[in-house]
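> Let me give you the structure first, and then I'll get to my questions.
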There are 2 protein chains.
Amino acid sequence: MSQHQPTGDGPPAAPSGGAPARGGSHPGPGPAGRGDTAGALPRPTLESVAERAGVSRATASRVVNGGAGVRASLREKVQRAVDELGYVPNLAARTLVTRRNQAVAVVVSEPESRLFSDPFFAKHLRGISRELSAADNQMVLLLIEDQADFERVGRYLGGGHVDGALLFSLHHSDPLPDIARRVGLPFVIGGRPGWPGAESDRELTYVDSDNRGGGRIAVQHLQSLGRTRIATITGPLDQTSSVDRLDGYRDLLPDGDPDLIAEGDFTPDGGGRAMAELLARRPDLDAVFAASDSMASGALRVLREAGRRVPEDVAVVGFDDVEQIAAWTDPPLTTVRQDIEDMGRLMARLLLRRLTGQVDTTGRRGPTSVITPTRLVVRGSA
Amino acid sequence: MSQHQPTGDGPPAAPSGGAPARGGSHPGPGPAGRGDTAGALPRPTLESVAERAGVSRATASRVVNGGAGVRASLREKVQRAVDELGYVPNLAARTLVTRRNQAVAVVVSEPESRLFSDPFFAKHLRGISRELSAADNQMVLLLIEDQADFERVGRYLGGGHVDGALLFSLHHSDPLPDIARRVGLPFVIGGRPGWPGAESDRELTYVDSDNRGGGRIAVQHLQSLGRTRIATITGPLDQTSSVDRLDGYRDLLPDGDPDLIAEGDFTPDGGGRAMAELLARRPDLDAVFAASDSMASGALRVLREAGRRVPEDVAVVGFDDVEQIAAWTDPPLTTVRQDIEDMGRLMARLLLRRLTGQVDTTGRRGPTSVITPTRLVVRGSA
DNA sequence: CCGATTCTTGGGAGCGCTCTCAATAGACTC
DNA sequence: GAGTCTATTGAGAGCGCTCCCAAGAATCGG
């Protein structure tokens, strides 16, 4: 059956409408919601909690925020009042004075990117969400579609609505890092930034997977299989991930034939085209390292149409390990796996650390960039 | 951002700290960013804008919020001050008094759902984002992974941090709708809710694609091809979308053989297994309607392994039209397309309308649920 | 040319919460 | 037992903004 998925049958879970949270003493006045047209029942304030507990607002505040320096007896009283009233701090009010929003923005430029086609996006988000919610931070998602959006997002980032930002899929011309820097908003970038100078900019923190190492692993595997005419289908070379993977390939094949390198575009289509090209240039190739599973799937199809058997005649290795693709090609794809979710989690963690690290925007001691490992997943294609 | 901004030179700059203002004229290194450890340059307040414009805070506020009832000359003055200072309203302060957050939550329960595997998720989000940002609303993403998260999210929704919520992938036991209702938070559900009574609940607003109609379209197409022994691979029958698609199938095959129906789980794997089962039960079947492209891809593979040609021997129709899958199976999949992005947009629009519709929580006149159309995309498999 | 209206403004009171600072109550030293 | 130090607690001042209300300016009929 579907792996986990407690599917169908038994609705065992049913933790009963268990008045989640807030219910406190009143497990929910039953049907509440419906009847009362009120709708806008005034939410309890710290003031009311304090009053009910018979203490001052200040003390109530202390308890709500950790309760350090408050006698146990009082602390308990306040806690009870909080529960009974179902008190929830008003974030806006708190933010107004603390200047902390307990929220970070996740900005994704150009939704056309792969971030959107593969499950990448969801995975990244999931990793980020995990880390963020553990620290009780919210995630505000900002998608950029066109030039005009940059302004909107820039304004938002500069508006002090979030404590930091996670920036994805940046291009050289992307103004976001500059904007963030200008307004002093801490941020972490997803993927190695590619603009000039980025590399040496010590203040730029990014998280990327070990693309180069992954490229090496792929080629290494192919070589260990005895293949000697190893070709590669790269991604768009204006993206650092593509370049890095190609560099990995070159690391092991320093003086390889340029004819064994073709540029794709991360789509199955592009992969197929590149494969055809390679086949035309070097009919004798016996292996291919495609810089993405999507491209690999396209290559696989072209190889089949060309009458080449995989892996007998041509061994194929992909990159990403997108289950949806890799596990379902024919034959299943051997590929380089990168843990997207972990990258997301790492990004969030880095940002959070910088945030709690006493706001020293100097970025001096801040943790620097991180490269997450990649590893080979052997299936049938190589 | 810097668009207008005659800044820099302006001799009037004087007004105390007024100068710096978020960079503007100094595009590059300037003072801001790097050197100064400050980082926390005090953002201009309405007060400072008013002062610079020589008006009261109240008037400045009016201008910032539309400027109705303010003489043109003054309005202009204030506007200029805003630009020069690079003033951006402090949302927290505004929220504190208006009780509007200009933000809605997007809640996704159980990330295991398909929402995460296919590009569904991203598409939904994109649609939502489009609509929301057009109305200048932010999107706060809340992912629920385990039971404990329900509490966290419930507390958040009840915390008055968002003006409304978009709820996804709900199960019967899902407490979210109840929580939202209890705290009087407007919400719209993604997908037809399946719990008992949901159907008749006039207050429940949801957006779903026409799954039933889609099922009909699929079968109709198969019939028009002359197929008479049409099987179907359903999704998990505890999900309304699966049930609806199956109902569509049944609409056209009211007295079909139960042996022609097998339950899958929306994964390629499950689709393959269901296909094998069907083949065993009715070796003579000549068509299959799979309730998802993923399952169709699995079915395709099993059919191939069983030596059946597609579409010659067995015609196959999928559902969803996930490009990544449908366009790359062999042969390309004929499938029922649903416009996910549009669904997202619709959900957001519905919620927004309810929000601006003068907060009448009575939901009386509120726009009710919407079903978005599906249509057939013919490729090679049928 | 004056009182009545209608517009425009500015004053000021909070929204709910945090935080500094001073006051009070114990605890402890000698 | 007096003096000093420390752990608790409460009062009060805002954070930045919206909005009610009344004061002042402009308009208008008679």
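Letters for chains follow the order of the structure tokens (A, B, ...), residue numbers begin at 1 for each chain, and ligand numbers begin at 1 in the order shown.
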Can you tell me which residues surround B:Ile128 at a distance of at most 9 Å, considering only C-alpha atoms (C1' of nucleotides), apart from same-chain residues fewer than 6 positions away, and format the answer as a ChimeraX atom specification?
/B:106,139,341-349
> Pairing the C-alpha atoms in order and superposing chain B on chain A, what is the resulting RMSD?
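Here the RMSD amounts to 7.1 Å.
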> With only C-alpha atoms (C1' of nucleotides) as the counted atoms, please give the residues lying no more than 12 Å from D:DA23, apart from itself and same-chain residues fewer than 4 positions off, as a list in words.
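Returned residues: DT8, DT9, DG10 and DG11 of chain C.
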> Keeping N, CA and C atoms (P, O5', C5', C4', C3', O3' and C1' of nucleotides) for every residue in the selection just given, could you write it to a file as an mmCIF file, in the first residue's frame?

```cif
data_model
loop_
_atom_site.group_PDB
_atom_site.id
_atom_site.type_symbol
_atom_site.label_atom_id
_atom_site.label_comp_id
_atom_site.auth_asym_id
_atom_site.auth_seq_id
_atom_site.Cartn_x
_atom_site.Cartn_y
_atom_site.Cartn_z
ATOM 1 P P DT C 8 -13.012 69.716 1.728
ATOM 2 O "O5'" DT C 8 -11.812 70.340 2.553
ATOM 3 C "C5'" DT C 8 -12.027 70.691 3.879
ATOM 4 C "C4'" DT C 8 -10.851 71.455 4.440
ATOM 5 C "C3'" DT C 8 -9.592 70.620 4.615
ATOM 6 O "O3'" DT C 8 -8.468 71.486 4.462
ATOM 7 C "C1'" DT C 8 -10.561 71.126 6.740
ATOM 8 P P DT C 9 -7.017 70.969 4.870
ATOM 9 O "O5'" DT C 9 -7.170 71.348 6.385
ATOM 10 C "C5'" DT C 9 -6.561 70.546 7.318
ATOM 11 C "C4'" DT C 9 -6.411 71.308 8.604
ATOM 12 C "C3'" DT C 9 -5.425 70.574 9.465
ATOM 13 O "O3'" DT C 9 -4.542 71.461 10.077
ATOM 14 C "C1'" DT C 9 -7.610 70.542 10.473
ATOM 15 P P DG C 10 -3.152 70.839 10.568
ATOM 16 O "O5'" DG C 10 -3.509 70.717 12.108
ATOM 17 C "C5'" DG C 10 -4.018 71.867 12.774
ATOM 18 C "C4'" DG C 10 -4.445 71.520 14.170
ATOM 19 C "C3'" DG C 10 -3.444 70.689 14.964
ATOM 20 O "O3'" DG C 10 -3.436 71.197 16.291
ATOM 21 C "C1'" DG C 10 -5.520 69.542 14.855
ATOM 22 P P DG C 11 -2.402 70.616 17.325
ATOM 23 O "O5'" DG C 11 -3.361 70.128 18.499
ATOM 24 C "C5'" DG C 11 -4.744 70.526 18.495
ATOM 25 C "C4'" DG C 11 -5.440 69.933 19.681
ATOM 26 C "C3'" DG C 11 -4.556 69.206 20.683
ATOM 27 O "O3'" DG C 11 -5.143 69.342 21.963
ATOM 28 C "C1'" DG C 11 -5.946 67.626 19.591
#
```
> Give me the residues of chain C that have any atom at most 12 Å from an atom of chain A; for each, the nearest atom pair and the distance in Å, rounded to one decimal. Use only C-alpha atoms (C1' of nucleotides), sort by chain and number, and format it as a Markdown table.

```
| residue | atom | partner | partner_atom | distance |
| --- | --- | --- | --- | --- |
| C:DC15 | C1' | A:Ala93 | CA | 7.7 |
| C:DG16 | C1' | A:Ala93 | CA | 5.1 |
| C:DC17 | C1' | A:Arg94 | CA | 5.1 |
| C:DT18 | C1' | A:Val97 | CA | 6.3 |
| C:DC19 | C1' | A:Ala58 | CA | 8.7 |
| C:DT20 | C1' | A:Ala58 | CA | 11.4 |
```
> Tell me, which residues of stretch 185-379 of chain A carry DSSP alpha helix (DSSP H), written as a ChimeraX atom specification?
/A:211-224,240-252,268-281,293-305,323-326,340-356
> Please provide the set of residues having any atom within 12 Å of C:DT29, restricted to only C-alpha atoms (C1' of nucleotides), with same-chain residues fewer than 5 positions apart removed, written as a PyMOL selection string.
chain D and resi 1-5
> With C-alpha atoms (C1' of nucleotides) kept, could you save the residues just selected as a PDB file, in the first residue's frame?

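again-v6.pdb was written with the following content:
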```
ATOM      1  C1'  DG D   1      18.278  44.115  66.402  1.00  0.00           C
ATOM      2  C1'  DA D   2      19.766  47.621  62.953  1.00  0.00           C
ATOM      3  C1'  DG D   3      21.483  48.226  58.500  1.00  0.00           C
ATOM      4  C1'  DT D   4      22.221  46.510  53.816  1.00  0.00           C
ATOM      5  C1'  DC D   5      21.257  43.831  49.898  1.00  0.00           C
TER       6       DC D   5
END
```
> Applying 12 Å and only C-alpha atoms (C1' of nucleotides), which residues near D:DT9 remain after dropping the ones on its own chain fewer than 4 positions away? List them as a list in words.
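Using only C-alpha atoms (C1' of nucleotides), the neighbours found are Gly54, Val55, Ser56, Arg57, Ala58, Thr59, Ala60, Ser61, Arg62, Gly69, Val70, Arg71 and Leu74 of chain A; DC21, DA22, DA23, DT24 and DA25 of chain C.
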